[in-house]
Each structure stands twice: as structure tokens, then as C-alpha cells.
Amino acid sequence: MSFLRLLRAVLLTGLVTLMAGSSFAASNVYDFTLPSIDGKPMPLADFKGKVILVVNVASKCGYTPQYTALEALYEKYKDQGFVIVGFPANNFGAQEPGTNAEIKTFCSRTYNVTFPMYSKISVKGDDQAPLYKYLTKDTPAPISGDIKWNFTKFLADRNGKVVQRFESAVTPDSPEVTSAVEKLLKQ
């Protein structure tokens, strides 16, 4: 086989692979793997069978005290198959300027956070993380739509299907959130 034919075959194979990868359509939150706050891959599939609350968080936001209620919610229901996953993001008012190490230290020392935290990501814009593209574009209305601020919450059932969205002002300890979590835990 000549060099040009070999090159053509390799390029064609690469193009087909690239096209197949770009047509990936997630069917639930379990289809995503992101780095943990410590930089190690942490697939959301690790939480299969659990009710999941996905939250974009920030350390210097007026809503930052929600970490207390998030941790309390996690502690209350984690033994029943519930998990919260936090995604630090610096998209709003530069309210998450720290490194992953600084964010981890802040969360554990200030709010005693024990629920899983991921590395800092972007939740909107050209560099939006694929998980957040899925949450904001591929879920049905009224769940879909741009993230408006820090501490927006998405609730997924035990099958990884996103079933509800709570905006920043809705606190994790509100009856709206706790009743939705309890309802899914009973299913």
C-alpha cells in the first residue's frame, strides 16, 4: 500500500471516529464523566441507582451559605440512596476564583462539605461543560434553559433522568426540594 493510500485510510478512519464522537447524545446524567475536585475521573455512573442533586456552586456568592443546607440534606438522605454533586463554576461575577485545592479546603473547613465535589467547570458560554450542555439544552422544558446564577439545582431520579430544576433562590431545605427528593427516594 502506498504512503498516500495509507494516509488517506488513516484520515478517513479519523474523520469517521470524530463524526461518531460528535454525534454522541446523552440519555441521562450517568453518561458523563468529569474530574473530581482532586482531578481524578469520577463518572456520574458511579451513582447509578441513586437520586442525584446536581448543583453549580461558588465560594463567594450570596447563596454560598446554601452549602450548609446542601450538606444537611445530603446527611439526612444519603443512606436512603441520595447524593449531591457539586460543580464549582466561576461564570457569575467571578464568585469562584479559587483553585480546586482552595475550593476543597474552603468547602470542608467552612461548611464541612462531605458530598462529592467535582473540579471547577464552566456552566455556560462557549466553554460550557458537556454535562451542562445536556442539562440546559437536551432536557425538556421547563428544566432546560440557561443557568441564571450559582446554586441552580437539577434533580435526577434513580435512572439518571433529570426530572426537576430549582433556581438559586430555592434553598435545599425548602419544602419544594425536600418533598421532591423524598418522592423520588420512595420510587
# chains A, B, ... in the order shown; residues from 1 in each chain; ligands from 1
>>> select_by_dssp(residues="chain A", states="strand (DSSP E or B)", output="JSON, numbers by chain")
{"A": [33, 34, 35, 36, 41, 42, 43, 51, 52, 53, 54, 55, 56, 57, 82, 83, 84, 85, 86, 87, 88, 89, 117, 118, 121, 153, 154, 155, 156, 162, 163, 164, 165, 166]}
>>> write_last_selection(atoms="N, CA and C atoms", output="CSV table (one decimal), in the first residue's frame")
chain,number,residue,atom,x,y,z
A,33,THR,N,-18.6,11.7,32.5
A,33,THR,CA,-17.5,11.6,33.5
A,33,THR,C,-16.8,12.9,33.5
A,34,LEU,N,-16.6,13.4,34.7
A,34,LEU,CA,-15.8,14.6,34.9
A,34,LEU,C,-14.8,14.4,36.0
A,35,PRO,N,-13.8,15.3,36.0
A,35,PRO,CA,-12.8,15.1,37.1
A,35,PRO,C,-13.3,15.6,38.4
A,36,SER,N,-13.0,14.8,39.4
A,36,SER,CA,-13.3,15.1,40.8
A,36,SER,C,-12.5,16.4,41.2
A,41,PRO,N,-10.8,11.1,37.4
A,41,PRO,CA,-12.1,10.9,36.7
A,41,PRO,C,-13.1,10.3,37.7
A,42,MET,N,-14.3,10.9,37.7
A,42,MET,CA,-15.4,10.5,38.6
A,42,MET,C,-16.7,10.4,37.8
A,43,PRO,N,-16.9,9.2,37.2
A,43,PRO,CA,-18.2,9.1,36.4
A,43,PRO,C,-19.4,9.3,37.2
A,51,VAL,N,-30.7,8.8,43.7
A,51,VAL,CA,-31.3,10.1,43.4
A,51,VAL,C,-30.2,11.1,43.5
A,52,ILE,N,-30.0,12.0,42.5
A,52,ILE,CA,-28.9,12.9,42.4
A,52,ILE,C,-29.4,14.3,42.3
A,53,LEU,N,-28.8,15.2,43.1
A,53,LEU,CA,-29.0,16.6,43.0
A,53,LEU,C,-27.7,17.2,42.5
A,54,VAL,N,-27.7,17.8,41.3
A,54,VAL,CA,-26.6,18.4,40.6
A,54,VAL,C,-26.6,19.9,40.9
A,55,VAL,N,-25.6,20.5,41.4
A,55,VAL,CA,-25.6,21.9,41.8
A,55,VAL,C,-24.3,22.6,41.3
A,56,ASN,N,-24.5,23.7,40.7
A,56,ASN,CA,-23.3,24.6,40.4
A,56,ASN,C,-23.1,25.5,41.6
A,57,VAL,N,-21.9,25.5,42.1
A,57,VAL,CA,-21.6,26.2,43.4
A,57,VAL,C,-20.5,27.2,43.2
A,82,PHE,N,-29.4,8.8,48.2
A,82,PHE,CA,-29.4,10.1,47.7
A,82,PHE,C,-28.0,10.7,47.7
A,83,VAL,N,-27.6,11.4,46.7
A,83,VAL,CA,-26.3,12.0,46.6
A,83,VAL,C,-26.4,13.4,46.0
A,84,ILE,N,-25.6,14.3,46.5
A,84,ILE,CA,-25.5,15.7,45.9
A,84,ILE,C,-24.1,15.7,45.3
A,85,VAL,N,-24.0,16.3,44.1
A,85,VAL,CA,-22.7,16.5,43.4
A,85,VAL,C,-22.6,18.0,43.2
A,86,GLY,N,-21.5,18.6,43.6
A,86,GLY,CA,-21.2,20.0,43.5
A,86,GLY,C,-20.3,20.2,42.4
A,87,PHE,N,-20.6,21.2,41.5
A,87,PHE,CA,-19.7,21.6,40.4
A,87,PHE,C,-19.4,23.1,40.6
A,88,PRO,N,-18.2,23.4,41.1
A,88,PRO,CA,-17.8,24.8,41.2
A,88,PRO,C,-17.7,25.4,39.8
A,89,ALA,N,-18.2,26.7,39.7
A,89,ALA,CA,-18.1,27.4,38.5
A,89,ALA,C,-17.9,28.9,38.7
A,117,MET,N,-17.6,16.5,45.3
A,117,MET,CA,-17.3,17.7,44.6
A,117,MET,C,-16.5,17.4,43.4
A,118,TYR,N,-16.7,18.1,42.3
A,118,TYR,CA,-16.0,18.0,41.1
A,118,TYR,C,-15.1,19.2,40.9
A,121,ILE,N,-15.7,23.9,36.6
A,121,ILE,CA,-16.1,23.8,35.2
A,121,ILE,C,-16.8,25.1,34.8
A,153,LYS,N,-30.1,24.1,40.8
A,153,LYS,CA,-30.1,22.7,41.2
A,153,LYS,C,-30.9,21.9,40.2
A,154,PHE,N,-30.4,20.7,39.8
A,154,PHE,CA,-31.1,19.8,38.9
A,154,PHE,C,-31.2,18.5,39.7
A,155,LEU,N,-32.5,17.9,39.7
A,155,LEU,CA,-32.7,16.7,40.4
A,155,LEU,C,-33.0,15.6,39.4
A,156,ALA,N,-32.2,14.5,39.6
A,156,ALA,CA,-32.3,13.3,38.7
A,156,ALA,C,-32.8,12.1,39.5
A,162,VAL,N,-33.2,13.6,34.4
A,162,VAL,CA,-33.4,14.8,35.1
A,162,VAL,C,-34.9,15.1,35.1
A,163,VAL,N,-35.5,15.3,36.3
A,163,VAL,CA,-36.9,15.5,36.4
A,163,VAL,C,-37.4,16.8,37.0
A,164,GLN,N,-36.4,17.6,37.6
A,164,GLN,CA,-36.8,18.8,38.1
A,164,GLN,C,-35.6,19.8,38.2
A,165,ARG,N,-35.9,21.1,38.2
A,165,ARG,CA,-34.9,22.1,38.3
A,165,ARG,C,-35.4,23.1,39.3
A,166,PHE,N,-34.4,23.6,40.1
A,166,PHE,CA,-34.7,24.6,41.2
A,166,PHE,C,-33.7,25.7,41.0
>>> select_by_dssp(residues="region 60-156 of chain A", states="alpha helix (DSSP H)", output="PyMOL selection string")
chain A and resi 66-77+100-111+130-133
>>> atom_distance(atom1="CA of Ser144 (chain A)", atom2="CA of Pro172 (chain A)")
19.5 Å
>>> atom_distance(atom1="CA of Pro65 (chain A)", atom2="CA of Lys137 (chain A)")
28.3 Å
>>> residues_around(residues="Gly145 (chain A)", least_positions_apart="2", cutoff="12 Å", atoms="only C-alpha atoms", output="PyMOL selection string")
chain A and resi 123-124+132-143+147-149+152+154+165-167
>>> atom_distance(atom1="CA of Tyr111 (chain A)", atom2="CA of Cys61 (chain A)")
13.9 Å
>>> closest_residue(among="A:Ala94, A:Ala169, A:Leu44, A:Ala25", to="Pro116 (chain A)", atoms="only C-alpha atoms")
A:Leu44
>>> decode(residues="region 90-121 of chain A", atoms="N, CA and C atoms", output="PDB file, in the first residue's frame")
ATOM      1  N   ASN A  90     -17.103  29.488  37.865  1.00  0.00           N
ATOM      2  CA  ASN A  90     -16.728  30.897  38.017  1.00  0.00           C
ATOM      3  C   ASN A  90     -17.428  31.771  36.977  1.00  0.00           C
ATOM      4  N   ASN A  91     -18.605  31.368  36.529  1.00  0.00           N
ATOM      5  CA  ASN A  91     -19.294  32.050  35.444  1.00  0.00           C
ATOM      6  C   ASN A  91     -20.041  33.313  35.848  1.00  0.00           C
ATOM      7  N   PHE A  92     -20.310  33.494  37.112  1.00  0.00           N
ATOM      8  CA  PHE A  92     -21.150  34.600  37.539  1.00  0.00           C
ATOM      9  C   PHE A  92     -20.406  35.500  38.519  1.00  0.00           C
ATOM     10  N   GLY A  93     -20.052  36.689  38.077  1.00  0.00           N
ATOM     11  CA  GLY A  93     -19.410  37.652  38.944  1.00  0.00           C
ATOM     12  C   GLY A  93     -18.070  37.211  39.499  1.00  0.00           C
ATOM     13  N   ALA A  94     -17.404  36.293  38.828  1.00  0.00           N
ATOM     14  CA  ALA A  94     -16.097  35.789  39.302  1.00  0.00           C
ATOM     15  C   ALA A  94     -16.174  35.369  40.768  1.00  0.00           C
ATOM     16  N   GLN A  95     -17.254  34.661  41.120  1.00  0.00           N
ATOM     17  CA  GLN A  95     -17.500  34.294  42.517  1.00  0.00           C
ATOM     18  C   GLN A  95     -16.897  32.947  42.911  1.00  0.00           C
ATOM     19  N   GLU A  96     -16.176  32.308  41.987  1.00  0.00           N
ATOM     20  CA  GLU A  96     -15.438  31.087  42.309  1.00  0.00           C
ATOM     21  C   GLU A  96     -14.042  31.197  41.704  1.00  0.00           C
ATOM     22  N   PRO A  97     -13.227  32.119  42.243  1.00  0.00           N
ATOM     23  CA  PRO A  97     -11.920  32.379  41.648  1.00  0.00           C
ATOM     24  C   PRO A  97     -10.822  31.391  42.041  1.00  0.00           C
ATOM     25  N   GLY A  98     -11.048  30.596  43.061  1.00  0.00           N
ATOM     26  CA  GLY A  98     -10.000  29.741  43.609  1.00  0.00           C
ATOM     27  C   GLY A  98      -9.647  28.544  42.753  1.00  0.00           C
ATOM     28  N   THR A  99      -8.543  27.907  43.140  1.00  0.00           N
ATOM     29  CA  THR A  99      -8.139  26.644  42.521  1.00  0.00           C
ATOM     30  C   THR A  99      -9.005  25.536  43.107  1.00  0.00           C
ATOM     31  N   ASN A 100      -8.924  24.359  42.513  1.00  0.00           N
ATOM     32  CA  ASN A 100      -9.674  23.226  43.064  1.00  0.00           C
ATOM     33  C   ASN A 100      -9.259  22.941  44.497  1.00  0.00           C
ATOM     34  N   ALA A 101      -7.973  23.018  44.784  1.00  0.00           N
ATOM     35  CA  ALA A 101      -7.488  22.773  46.152  1.00  0.00           C
ATOM     36  C   ALA A 101      -8.054  23.808  47.120  1.00  0.00           C
ATOM     37  N   GLU A 102      -8.079  25.070  46.705  1.00  0.00           N
ATOM     38  CA  GLU A 102      -8.630  26.127  47.561  1.00  0.00           C
ATOM     39  C   GLU A 102     -10.127  25.940  47.783  1.00  0.00           C
ATOM     40  N   ILE A 103     -10.833  25.555  46.738  1.00  0.00           N
ATOM     41  CA  ILE A 103     -12.283  25.325  46.840  1.00  0.00           C
ATOM     42  C   ILE A 103     -12.556  24.162  47.802  1.00  0.00           C
ATOM     43  N   LYS A 104     -11.810  23.084  47.646  1.00  0.00           N
ATOM     44  CA  LYS A 104     -11.985  21.913  48.512  1.00  0.00           C
ATOM     45  C   LYS A 104     -11.751  22.289  49.978  1.00  0.00           C
ATOM     46  N   THR A 105     -10.676  23.027  50.240  1.00  0.00           N
ATOM     47  CA  THR A 105     -10.364  23.452  51.605  1.00  0.00           C
ATOM     48  C   THR A 105     -11.465  24.350  52.153  1.00  0.00           C
ATOM     49  N   PHE A 106     -11.903  25.310  51.365  1.00  0.00           N
ATOM     50  CA  PHE A 106     -12.965  26.220  51.787  1.00  0.00           C
ATOM     51  C   PHE A 106     -14.231  25.440  52.149  1.00  0.00           C
ATOM     52  N   CYS A 107     -14.641  24.530  51.274  1.00  0.00           N
ATOM     53  CA  CYS A 107     -15.883  23.775  51.496  1.00  0.00           C
ATOM     54  C   CYS A 107     -15.803  22.897  52.739  1.00  0.00           C
ATOM     55  N   SER A 108     -14.672  22.241  52.925  1.00  0.00           N
ATOM     56  CA  SER A 108     -14.565  21.336  54.081  1.00  0.00           C
ATOM     57  C   SER A 108     -14.388  22.107  55.392  1.00  0.00           C
ATOM     58  N   ARG A 109     -13.595  23.169  55.369  1.00  0.00           N
ATOM     59  CA  ARG A 109     -13.353  23.919  56.613  1.00  0.00           C
ATOM     60  C   ARG A 109     -14.511  24.826  56.998  1.00  0.00           C
ATOM     61  N   THR A 110     -15.114  25.480  56.034  1.00  0.00           N
ATOM     62  CA  THR A 110     -16.162  26.451  56.330  1.00  0.00           C
ATOM     63  C   THR A 110     -17.536  25.809  56.476  1.00  0.00           C
ATOM     64  N   TYR A 111     -17.833  24.805  55.650  1.00  0.00           N
ATOM     65  CA  TYR A 111     -19.169  24.212  55.637  1.00  0.00           C
ATOM     66  C   TYR A 111     -19.184  22.713  55.901  1.00  0.00           C
ATOM     67  N   ASN A 112     -18.057  22.124  56.215  1.00  0.00           N
ATOM     68  CA  ASN A 112     -17.975  20.681  56.493  1.00  0.00           C
ATOM     69  C   ASN A 112     -18.591  19.830  55.386  1.00  0.00           C
ATOM     70  N   VAL A 113     -18.378  20.225  54.145  1.00  0.00           N
ATOM     71  CA  VAL A 113     -18.949  19.516  52.999  1.00  0.00           C
ATOM     72  C   VAL A 113     -18.321  18.129  52.883  1.00  0.00           C
ATOM     73  N   THR A 114     -19.188  17.123  52.809  1.00  0.00           N
ATOM     74  CA  THR A 114     -18.720  15.748  52.606  1.00  0.00           C
ATOM     75  C   THR A 114     -19.288  15.131  51.327  1.00  0.00           C
ATOM     76  N   PHE A 115     -20.267  15.794  50.701  1.00  0.00           N
ATOM     77  CA  PHE A 115     -20.806  15.247  49.452  1.00  0.00           C
ATOM     78  C   PHE A 115     -19.770  15.421  48.338  1.00  0.00           C
ATOM     79  N   PRO A 116     -19.850  14.601  47.286  1.00  0.00           N
ATOM     80  CA  PRO A 116     -18.848  14.642  46.213  1.00  0.00           C
ATOM     81  C   PRO A 116     -18.777  16.005  45.516  1.00  0.00           C
ATOM     82  N   MET A 117     -17.562  16.469  45.348  1.00  0.00           N
ATOM     83  CA  MET A 117     -17.311  17.718  44.631  1.00  0.00           C
ATOM     84  C   MET A 117     -16.456  17.417  43.404  1.00  0.00           C
ATOM     85  N   TYR A 118     -16.750  18.110  42.336  1.00  0.00           N
ATOM     86  CA  TYR A 118     -16.022  17.969  41.088  1.00  0.00           C
ATOM     87  C   TYR A 118     -15.091  19.166  40.884  1.00  0.00           C
ATOM     88  N   SER A 119     -14.200  19.049  39.919  1.00  0.00           N
ATOM     89  CA  SER A 119     -13.314  20.149  39.554  1.00  0.00           C
ATOM     90  C   SER A 119     -14.134  21.298  38.985  1.00  0.00           C
ATOM     91  N   LYS A 120     -13.563  22.475  39.069  1.00  0.00           N
ATOM     92  CA  LYS A 120     -14.231  23.675  38.557  1.00  0.00           C
ATOM     93  C   LYS A 120     -14.482  23.524  37.062  1.00  0.00           C
ATOM     94  N   ILE A 121     -15.687  23.911  36.642  1.00  0.00           N
ATOM     95  CA  ILE A 121     -16.099  23.817  35.240  1.00  0.00           C
ATOM     96  C   ILE A 121     -16.776  25.117  34.828  1.00  0.00           C
TER      97      ILE A 121
END
